Structures are given as C-alpha cells and as structure tokens.
$ cat data.pdb   # PDB, C-alpha atoms
ATOM      1  CA  MET Q   3      54.562  -2.392 126.853  1.00  0.00           C
ATOM      2  CA  THR Q   4      51.577  -4.670 127.464  1.00  0.00           C
ATOM      3  CA  GLN Q   5      50.287  -4.988 131.014  1.00  0.00           C
ATOM      4  CA  VAL Q   6      47.986  -7.854 131.996  1.00  0.00           C
ATOM      5  CA  LEU Q   7      44.927  -6.676 133.893  1.00  0.00           C
ATOM      6  CA  HIS Q   8      43.487  -8.536 136.847  1.00  0.00           C
ATOM      7  CA  THR Q   9      40.825  -7.592 139.357  1.00  0.00           C
ATOM      8  CA  ASP Q  10      38.870  -9.504 141.971  1.00  0.00           C
ATOM      9  CA  GLN Q  11      35.897  -7.274 141.048  1.00  0.00           C
ATOM     10  CA  ALA Q  12      35.313  -9.385 137.908  1.00  0.00           C
ATOM     11  CA  PRO Q  13      35.252 -13.166 137.490  1.00  0.00           C
ATOM     12  CA  ALA Q  14      38.590 -14.872 137.022  1.00  0.00           C
ATOM     13  CA  ALA Q  15      39.425 -16.204 133.578  1.00  0.00           C
ATOM     14  CA  ILE Q  16      38.140 -19.766 133.111  1.00  0.00           C
ATOM     15  CA  GLY Q  17      40.740 -20.718 130.525  1.00  0.00           C
ATOM     16  CA  PRO Q  18      44.124 -19.794 129.102  1.00  0.00           C
ATOM     17  CA  TYR Q  19      43.445 -16.052 128.783  1.00  0.00           C
ATOM     18  CA  VAL Q  20      43.435 -12.907 130.932  1.00  0.00           C
ATOM     19  CA  GLN Q  21      40.654 -10.524 131.967  1.00  0.00           C
ATOM     20  CA  GLY Q  22      42.177  -7.790 129.850  1.00  0.00           C
ATOM     21  CA  VAL Q  23      45.324  -6.087 128.622  1.00  0.00           C
ATOM     22  CA  ASP Q  24      46.501  -2.495 128.882  1.00  0.00           C
ATOM     23  CA  LEU Q  25      48.493  -1.431 125.831  1.00  0.00           C
ATOM     24  CA  GLY Q  26      49.242   2.036 127.201  1.00  0.00           C
ATOM     25  CA  ASN Q  27      46.874   4.041 125.042  1.00  0.00           C
ATOM     26  CA  MET Q  28      44.244   1.308 124.737  1.00  0.00           C
ATOM     27  CA  VAL Q  29      42.635  -1.297 126.994  1.00  0.00           C
ATOM     28  CA  LEU Q  30      41.096  -4.480 125.594  1.00  0.00           C
ATOM     29  CA  THR Q  31      38.906  -6.660 127.782  1.00  0.00           C
ATOM     30  CA  SER Q  32      38.241 -10.318 127.293  1.00  0.00           C
ATOM     31  CA  GLY Q  33      34.591 -11.229 126.961  1.00  0.00           C
ATOM     32  CA  GLN Q  34      32.860 -10.907 130.306  1.00  0.00           C
ATOM     33  CA  ILE Q  35      30.084 -13.326 131.123  1.00  0.00           C
ATOM     34  CA  PRO Q  36      27.494 -12.590 133.826  1.00  0.00           C
ATOM     35  CA  VAL Q  37      29.164 -14.392 136.708  1.00  0.00           C
ATOM     36  CA  ASN Q  38      28.988 -12.520 140.007  1.00  0.00           C
ATOM     37  CA  PRO Q  39      32.648 -12.330 141.097  1.00  0.00           C
ATOM     38  CA  VAL Q  40      31.734 -12.622 144.793  1.00  0.00           C
ATOM     39  CA  THR Q  41      29.184 -15.432 144.746  1.00  0.00           C
ATOM     40  CA  GLY Q  42      30.028 -17.186 141.477  1.00  0.00           C
ATOM     41  CA  GLU Q  43      26.320 -17.180 140.626  1.00  0.00           C
ATOM     42  CA  VAL Q  44      24.722 -16.331 137.280  1.00  0.00           C
ATOM     43  CA  PRO Q  45      21.322 -14.596 137.320  1.00  0.00           C
ATOM     44  CA  GLU Q  46      18.575 -16.191 135.231  1.00  0.00           C
ATOM     45  CA  ALA Q  47      16.976 -13.193 133.508  1.00  0.00           C
ATOM     46  CA  ILE Q  48      18.675 -11.696 130.443  1.00  0.00           C
ATOM     47  CA  ALA Q  49      18.391  -8.148 131.834  1.00  0.00           C
ATOM     48  CA  GLU Q  50      20.223  -9.154 135.019  1.00  0.00           C
ATOM     49  CA  GLN Q  51      22.806 -11.087 132.991  1.00  0.00           C
ATOM     50  CA  ALA Q  52      23.399  -8.051 130.766  1.00  0.00           C
ATOM     51  CA  ARG Q  53      23.859  -5.810 133.807  1.00  0.00           C
ATOM     52  CA  GLN Q  54      26.311  -8.218 135.455  1.00  0.00           C
ATOM     53  CA  SER Q  55      28.347  -8.556 132.261  1.00  0.00           C
ATOM     54  CA  LEU Q  56      28.509  -4.751 131.985  1.00  0.00           C
ATOM     55  CA  GLU Q  57      29.573  -4.449 135.625  1.00  0.00           C
ATOM     56  CA  ASN Q  58      32.307  -7.021 134.978  1.00  0.00           C
ATOM     57  CA  VAL Q  59      33.528  -5.080 131.923  1.00  0.00           C
ATOM     58  CA  LYS Q  60      33.516  -1.902 134.012  1.00  0.00           C
ATOM     59  CA  ALA Q  61      35.629  -3.583 136.711  1.00  0.00           C
ATOM     60  CA  VAL Q  62      38.267  -4.744 134.225  1.00  0.00           C
ATOM     61  CA  VAL Q  63      38.413  -1.315 132.583  1.00  0.00           C
ATOM     62  CA  ALA Q  64      38.634   0.338 136.029  1.00  0.00           C
ATOM     63  CA  SER Q  65      41.563  -1.901 136.969  1.00  0.00           C
ATOM     64  CA  SER Q  66      43.557   0.000 134.335  1.00  0.00           C
ATOM     65  CA  GLY Q  67      42.599   3.362 135.809  1.00  0.00           C
ATOM     66  CA  LEU Q  68      40.039   4.087 133.080  1.00  0.00           C
ATOM     67  CA  SER Q  69      36.264   4.456 133.382  1.00  0.00           C
ATOM     68  CA  VAL Q  70      33.069   3.671 131.507  1.00  0.00           C
ATOM     69  CA  SER Q  71      33.448   7.055 129.755  1.00  0.00           C
ATOM     70  CA  ASP Q  72      36.668   5.793 128.145  1.00  0.00           C
ATOM     71  CA  ILE Q  73      34.975   2.835 126.426  1.00  0.00           C
ATOM     72  CA  VAL Q  74      34.837   3.449 122.680  1.00  0.00           C
ATOM     73  CA  LYS Q  75      33.746   0.036 121.318  1.00  0.00           C
ATOM     74  CA  MET Q  76      31.801  -2.919 122.655  1.00  0.00           C
ATOM     75  CA  THR Q  77      30.900  -6.267 121.208  1.00  0.00           C
ATOM     76  CA  VAL Q  78      27.851  -8.013 122.618  1.00  0.00           C
ATOM     77  CA  PHE Q  79      27.319 -11.714 122.024  1.00  0.00           C
ATOM     78  CA  VAL Q  80      23.802 -12.998 122.765  1.00  0.00           C
ATOM     79  CA  LYS Q  81      22.460 -16.518 122.674  1.00  0.00           C
ATOM     80  CA  ASP Q  82      19.084 -15.293 121.397  1.00  0.00           C
ATOM     81  CA  LEU Q  83      18.693 -12.126 119.307  1.00  0.00           C
ATOM     82  CA  ASN Q  84      15.101 -11.939 120.562  1.00  0.00           C
ATOM     83  CA  ASP Q  85      16.701 -10.579 123.770  1.00  0.00           C
ATOM     84  CA  PHE Q  86      18.000  -7.537 121.843  1.00  0.00           C
ATOM     85  CA  VAL Q  87      15.375  -5.108 123.204  1.00  0.00           C
ATOM     86  CA  ALA Q  88      15.929  -6.137 126.846  1.00  0.00           C
ATOM     87  CA  VAL Q  89      19.709  -5.943 126.439  1.00  0.00           C
ATOM     88  CA  ASN Q  90      19.447  -2.512 124.775  1.00  0.00           C
ATOM     89  CA  GLU Q  91      17.392  -1.157 127.670  1.00  0.00           C
ATOM     90  CA  VAL Q  92      19.942  -2.262 130.288  1.00  0.00           C
ATOM     91  CA  TYR Q  93      22.841  -1.180 128.087  1.00  0.00           C
ATOM     92  CA  GLY Q  94      21.475   2.335 127.608  1.00  0.00           C
ATOM     93  CA  GLN Q  95      20.693   2.711 131.328  1.00  0.00           C
ATOM     94  CA  PHE Q  96      24.223   1.596 132.215  1.00  0.00           C
ATOM     95  CA  PHE Q  97      25.895   4.278 130.101  1.00  0.00           C
ATOM     96  CA  ASP Q  98      23.354   6.923 131.159  1.00  0.00           C
ATOM     97  CA  GLU Q  99      23.984   6.154 134.862  1.00  0.00           C
ATOM     98  CA  HIS Q 100      27.698   6.733 134.294  1.00  0.00           C
ATOM     99  CA  ASN Q 101      27.109   9.931 132.287  1.00  0.00           C
ATOM    100  CA  ALA Q 102      29.146   8.248 129.563  1.00  0.00           C
ATOM    101  CA  PRO Q 103      28.750   8.557 125.810  1.00  0.00           C
ATOM    102  CA  TYR Q 104      27.466   5.493 124.020  1.00  0.00           C
ATOM    103  CA  PRO Q 105      30.331   3.658 122.337  1.00  0.00           C
ATOM    104  CA  ALA Q 106      30.339   2.033 118.920  1.00  0.00           C
ATOM    105  CA  ARG Q 107      28.869  -1.460 119.227  1.00  0.00           C
ATOM    106  CA  SER Q 108      28.258  -4.729 117.483  1.00  0.00           C
ATOM    107  CA  CYS Q 109      25.685  -7.263 118.658  1.00  0.00           C
ATOM    108  CA  VAL Q 110      25.674 -10.782 117.279  1.00  0.00           C
ATOM    109  CA  GLU Q 111      23.766 -13.965 118.016  1.00  0.00           C
ATOM    110  CA  VAL Q 112      25.904 -16.991 118.787  1.00  0.00           C
ATOM    111  CA  ALA Q 113      25.054 -20.647 119.209  1.00  0.00           C
ATOM    112  CA  ARG Q 114      26.536 -21.101 122.670  1.00  0.00           C
ATOM    113  CA  LEU Q 115      28.504 -19.237 125.325  1.00  0.00           C
ATOM    114  CA  PRO Q 116      30.695 -20.399 128.227  1.00  0.00           C
ATOM    115  CA  LYS Q 117      28.736 -21.807 131.168  1.00  0.00           C
ATOM    116  CA  ASP Q 118      25.647 -21.660 128.912  1.00  0.00           C
ATOM    117  CA  VAL Q 119      25.034 -18.004 129.804  1.00  0.00           C
ATOM    118  CA  LYS Q 120      22.821 -15.835 127.611  1.00  0.00           C
ATOM    119  CA  ILE Q 121      25.279 -12.973 127.024  1.00  0.00           C
ATOM    120  CA  GLU Q 122      28.967 -12.075 126.865  1.00  0.00           C
ATOM    121  CA  ILE Q 123      30.360  -8.558 126.428  1.00  0.00           C
ATOM    122  CA  GLU Q 124      33.849  -7.305 125.541  1.00  0.00           C
ATOM    123  CA  ALA Q 125      35.149  -3.747 125.330  1.00  0.00           C
ATOM    124  CA  ILE Q 126      37.859  -1.490 124.003  1.00  0.00           C
ATOM    125  CA  ALA Q 127      38.690   1.636 125.999  1.00  0.00           C
ATOM    126  CA  VAL Q 128      41.068   4.424 125.019  1.00  0.00           C
ATOM    127  CA  ARG Q 129      43.313   6.415 127.324  1.00  0.00           C
ATOM    128  CA  LYS Q 130      42.964  10.065 126.342  1.00  0.00           C
TER     129      LYS Q 130
END
$ encode --input "data.pdb" --output "structure tokens"
Amino acid sequence: MTQVLHTDQAPAAIGPYVQGVDLGNMVLTSGQIPVNPVTGEVPEAIAEQARQSLENVKAVVASSGLSVSDIVKMTVFVKDLNDFVAVNEVYGQFFDEHNAPYPARSCVEVARLPKDVKIEIEAIAVRK
C-alpha cells in the first residue's frame, strides 16, 4: 500500500505532486529545492542551497519514520556543474554529521530548476 508523505518541515509541493511516497519497504522523495519551509526564502550561495535541499530531503524521509542512514540513493540536479566541488563538500559533511553511510548518487547538470534555484535533490530510502 502506498502512503503519501507530508511534513511541514519541508516545503510544500508547488505543483501536482507530493513530497514523497512510502511504499512500505521503500521511500521515494520528490526533488527538494532549497526553500526554507518556515520562511519561504532561498539562500543565495550554492553551499547553503545544497544544505537546505539536504535538510528538506531529510525531513521528508523522517516523516516516514526513517533517517538519513536509510538513504541508499540520491540524485542531485545542479544548474552549474562548476558547483560540483562545493556541493560535494556540503554533501559529505551532511552524511558525516549523521554518522550515515554515503549512498549511491548521480549528479547531473540541468538547464533550469523550479524557482530558478541552483540545486534540487531527490532520494530513495529503504526500510530495513
């Protein structure tokens, strides 16, 4: 049975989709852009945007009862692949802070993202 995930700790969907779905043994998040769910603001710097997107992913995953340690795959969409080093630094720190193993990951450059942000991140987590 599929359960729709929703949390106020991540930005609300801005279109006809949900923040994530819980399939029982697996959780899939929608892409999370770096919108602060409390203020609605988007930081300017790519490092801050990466961190906010990761925090938003974490919140959606947590709404299913899972944690950062349960994330097994992430896809990172960046507006400029020249930001790869800065994103990697924040990404590694995020998983290290949560004592979580690094998941499999793809990182691709895209032409444009919603609200003209610089990054969007989606995740797959597995219930063990």
$ resolve_selection --input "data.pdb" --expression "the PyMOL selection byres ((chain Q and resi 82) around 12)" --output "CSV table (one decimal) with C-alpha atoms, keeping the file's coordinate frame"
chain,number,residue,atom,x,y,z
Q,48,ILE,CA,18.7,-11.7,130.4
Q,78,VAL,CA,27.9,-8.0,122.6
Q,79,PHE,CA,27.3,-11.7,122.0
Q,80,VAL,CA,23.8,-13.0,122.8
Q,81,LYS,CA,22.5,-16.5,122.7
Q,83,LEU,CA,18.7,-12.1,119.3
Q,84,ASN,CA,15.1,-11.9,120.6
Q,85,ASP,CA,16.7,-10.6,123.8
Q,86,PHE,CA,18.0,-7.5,121.8
Q,87,VAL,CA,15.4,-5.1,123.2
Q,88,ALA,CA,15.9,-6.1,126.8
Q,89,VAL,CA,19.7,-5.9,126.4
Q,109,CYS,CA,25.7,-7.3,118.7
Q,110,VAL,CA,25.7,-10.8,117.3
Q,111,GLU,CA,23.8,-14.0,118.0
Q,112,VAL,CA,25.9,-17.0,118.8
Q,113,ALA,CA,25.1,-20.6,119.2
Q,114,ARG,CA,26.5,-21.1,122.7
Q,115,LEU,CA,28.5,-19.2,125.3
Q,118,ASP,CA,25.6,-21.7,128.9
Q,119,VAL,CA,25.0,-18.0,129.8
Q,120,LYS,CA,22.8,-15.8,127.6
Q,121,ILE,CA,25.3,-13.0,127.0
Q,122,GLU,CA,29.0,-12.1,126.9
$ residues_around --input "data.pdb" --residues "Gly67 (chain Q)" --least-positions-apart "6" --cutoff "12 Å" --atoms "only C-alpha atoms" --output "list of chain:residue names"
Q:Leu7, Q:His8, Q:Thr9, Q:Asp24, Q:Gly26, Q:Asn27, Q:Met28, Q:Val29, Q:Lys60, Q:Ala61, Q:Ala127, Q:Val128, Q:Arg129, Q:Lys130
$ atom_distance --input "data.pdb" --atom1 "CA of Ala49 (chain Q)" --atom2 "CA of Tyr93 (chain Q)"
9.1 Å
$ resolve_selection --input "data.pdb" --expression "the PyMOL selection byres ((chain Q and resi 123) around 9)" --output "PyMOL selection string"
chain Q and resi 31-36+52+55-56+58-59+76-80+121-122+124-125
$ closest_residue --input "data.pdb" --among "Q:Val40, Q:Glu57, Q:His100, Q:Arg107" --to "Lys75 (chain Q)" --atoms "all atoms listed in the file"
Q:Arg107
$ atom_distance --input "data.pdb" --atom1 "CA of Thr41 (chain Q)" --atom2 "CA of Ala102 (chain Q)"
28.1 Å
$ closest_residue --input "data.pdb" --among "Q:Val37, Q:Val44, Q:Phe96, Q:Glu91" --to "Gln11 (chain Q)" --atoms "all atoms listed in the file"
Q:Val37
$ closest_residue --input "data.pdb" --among "Q:Val92, Q:Met3, Q:Ala14, Q:Val74" --to "Pro39 (chain Q)" --atoms "only C-alpha atoms"
Q:Ala14
$ closest_residue --input "data.pdb" --among "Q:Gln95, Q:Asn90, Q:Asn101, Q:Thr4" --to "Gly22 (chain Q)" --atoms "only C-alpha atoms"
Q:Thr4
$ atom_distance --input "data.pdb" --atom1 "CA of Ala15 (chain Q)" --atom2 "CA of Pro116 (chain Q)"
11.1 Å
$ build_atoms --input "data.pdb" --residues "region 73-95 of chain Q" --atoms "N, CA and C atoms" --output "PDB file, in the frame of the given file"
ATOM      1  N   ILE Q  73      35.303   3.946 127.327  1.00  0.00           N
ATOM      2  CA  ILE Q  73      34.975   2.835 126.426  1.00  0.00           C
ATOM      3  C   ILE Q  73      34.517   3.400 125.086  1.00  0.00           C
ATOM      4  N   VAL Q  74      35.161   2.944 124.019  1.00  0.00           N
ATOM      5  CA  VAL Q  74      34.837   3.449 122.680  1.00  0.00           C
ATOM      6  C   VAL Q  74      34.192   2.400 121.775  1.00  0.00           C
ATOM      7  N   LYS Q  75      34.295   1.116 122.152  1.00  0.00           N
ATOM      8  CA  LYS Q  75      33.746   0.036 121.318  1.00  0.00           C
ATOM      9  C   LYS Q  75      33.381  -1.134 122.204  1.00  0.00           C
ATOM     10  N   MET Q  76      32.211  -1.708 121.943  1.00  0.00           N
ATOM     11  CA  MET Q  76      31.801  -2.919 122.655  1.00  0.00           C
ATOM     12  C   MET Q  76      31.280  -3.927 121.645  1.00  0.00           C
ATOM     13  N   THR Q  77      31.489  -5.184 121.981  1.00  0.00           N
ATOM     14  CA  THR Q  77      30.900  -6.267 121.208  1.00  0.00           C
ATOM     15  C   THR Q  77      30.057  -7.085 122.171  1.00  0.00           C
ATOM     16  N   VAL Q  78      28.802  -7.278 121.800  1.00  0.00           N
ATOM     17  CA  VAL Q  78      27.851  -8.013 122.618  1.00  0.00           C
ATOM     18  C   VAL Q  78      27.497  -9.299 121.887  1.00  0.00           C
ATOM     19  N   PHE Q  79      27.678 -10.403 122.568  1.00  0.00           N
ATOM     20  CA  PHE Q  79      27.319 -11.714 122.024  1.00  0.00           C
ATOM     21  C   PHE Q  79      26.101 -12.198 122.803  1.00  0.00           C
ATOM     22  N   VAL Q  80      25.008 -12.502 122.107  1.00  0.00           N
ATOM     23  CA  VAL Q  80      23.802 -12.998 122.765  1.00  0.00           C
ATOM     24  C   VAL Q  80      23.444 -14.370 122.214  1.00  0.00           C
ATOM     25  N   LYS Q  81      22.879 -15.180 123.074  1.00  0.00           N
ATOM     26  CA  LYS Q  81      22.460 -16.518 122.674  1.00  0.00           C
ATOM     27  C   LYS Q  81      21.170 -16.469 121.854  1.00  0.00           C
ATOM     28  N   ASP Q  82      20.360 -15.417 122.085  1.00  0.00           N
ATOM     29  CA  ASP Q  82      19.084 -15.293 121.397  1.00  0.00           C
ATOM     30  C   ASP Q  82      18.862 -13.823 121.037  1.00  0.00           C
ATOM     31  N   LEU Q  83      18.860 -13.506 119.758  1.00  0.00           N
ATOM     32  CA  LEU Q  83      18.693 -12.126 119.307  1.00  0.00           C
ATOM     33  C   LEU Q  83      17.319 -11.561 119.671  1.00  0.00           C
ATOM     34  N   ASN Q  84      16.385 -12.421 120.062  1.00  0.00           N
ATOM     35  CA  ASN Q  84      15.101 -11.939 120.562  1.00  0.00           C
ATOM     36  C   ASN Q  84      15.258 -11.170 121.873  1.00  0.00           C
ATOM     37  N   ASP Q  85      16.406 -11.308 122.533  1.00  0.00           N
ATOM     38  CA  ASP Q  85      16.701 -10.579 123.770  1.00  0.00           C
ATOM     39  C   ASP Q  85      17.259  -9.184 123.505  1.00  0.00           C
ATOM     40  N   PHE Q  86      17.377  -8.802 122.233  1.00  0.00           N
ATOM     41  CA  PHE Q  86      18.000  -7.537 121.843  1.00  0.00           C
ATOM     42  C   PHE Q  86      17.366  -6.322 122.537  1.00  0.00           C
ATOM     43  N   VAL Q  87      16.055  -6.257 122.595  1.00  0.00           N
ATOM     44  CA  VAL Q  87      15.375  -5.108 123.204  1.00  0.00           C
ATOM     45  C   VAL Q  87      15.700  -5.018 124.699  1.00  0.00           C
ATOM     46  N   ALA Q  88      15.636  -6.128 125.405  1.00  0.00           N
ATOM     47  CA  ALA Q  88      15.929  -6.137 126.846  1.00  0.00           C
ATOM     48  C   ALA Q  88      17.384  -5.755 127.106  1.00  0.00           C
ATOM     49  N   VAL Q  89      18.289  -6.269 126.289  1.00  0.00           N
ATOM     50  CA  VAL Q  89      19.709  -5.943 126.439  1.00  0.00           C
ATOM     51  C   VAL Q  89      19.924  -4.455 126.162  1.00  0.00           C
ATOM     52  N   ASN Q  90      19.309  -3.929 125.117  1.00  0.00           N
ATOM     53  CA  ASN Q  90      19.447  -2.512 124.775  1.00  0.00           C
ATOM     54  C   ASN Q  90      18.997  -1.608 125.909  1.00  0.00           C
ATOM     55  N   GLU Q  91      17.904  -1.966 126.568  1.00  0.00           N
ATOM     56  CA  GLU Q  91      17.392  -1.157 127.670  1.00  0.00           C
ATOM     57  C   GLU Q  91      18.408  -1.082 128.806  1.00  0.00           C
ATOM     58  N   VAL Q  92      18.946  -2.221 129.212  1.00  0.00           N
ATOM     59  CA  VAL Q  92      19.942  -2.262 130.288  1.00  0.00           C
ATOM     60  C   VAL Q  92      21.216  -1.548 129.859  1.00  0.00           C
ATOM     61  N   TYR Q  93      21.625  -1.771 128.641  1.00  0.00           N
ATOM     62  CA  TYR Q  93      22.841  -1.180 128.087  1.00  0.00           C
ATOM     63  C   TYR Q  93      22.756   0.345 128.103  1.00  0.00           C
ATOM     64  N   GLY Q  94      21.658   0.889 127.615  1.00  0.00           N
ATOM     65  CA  GLY Q  94      21.475   2.335 127.608  1.00  0.00           C
ATOM     66  C   GLY Q  94      21.456   2.912 129.013  1.00  0.00           C
ATOM     67  N   GLN Q  95      20.740   2.255 129.930  1.00  0.00           N
ATOM     68  CA  GLN Q  95      20.693   2.711 131.328  1.00  0.00           C
ATOM     69  C   GLN Q  95      22.081   2.727 131.947  1.00  0.00           C
TER      70      GLN Q  95
END
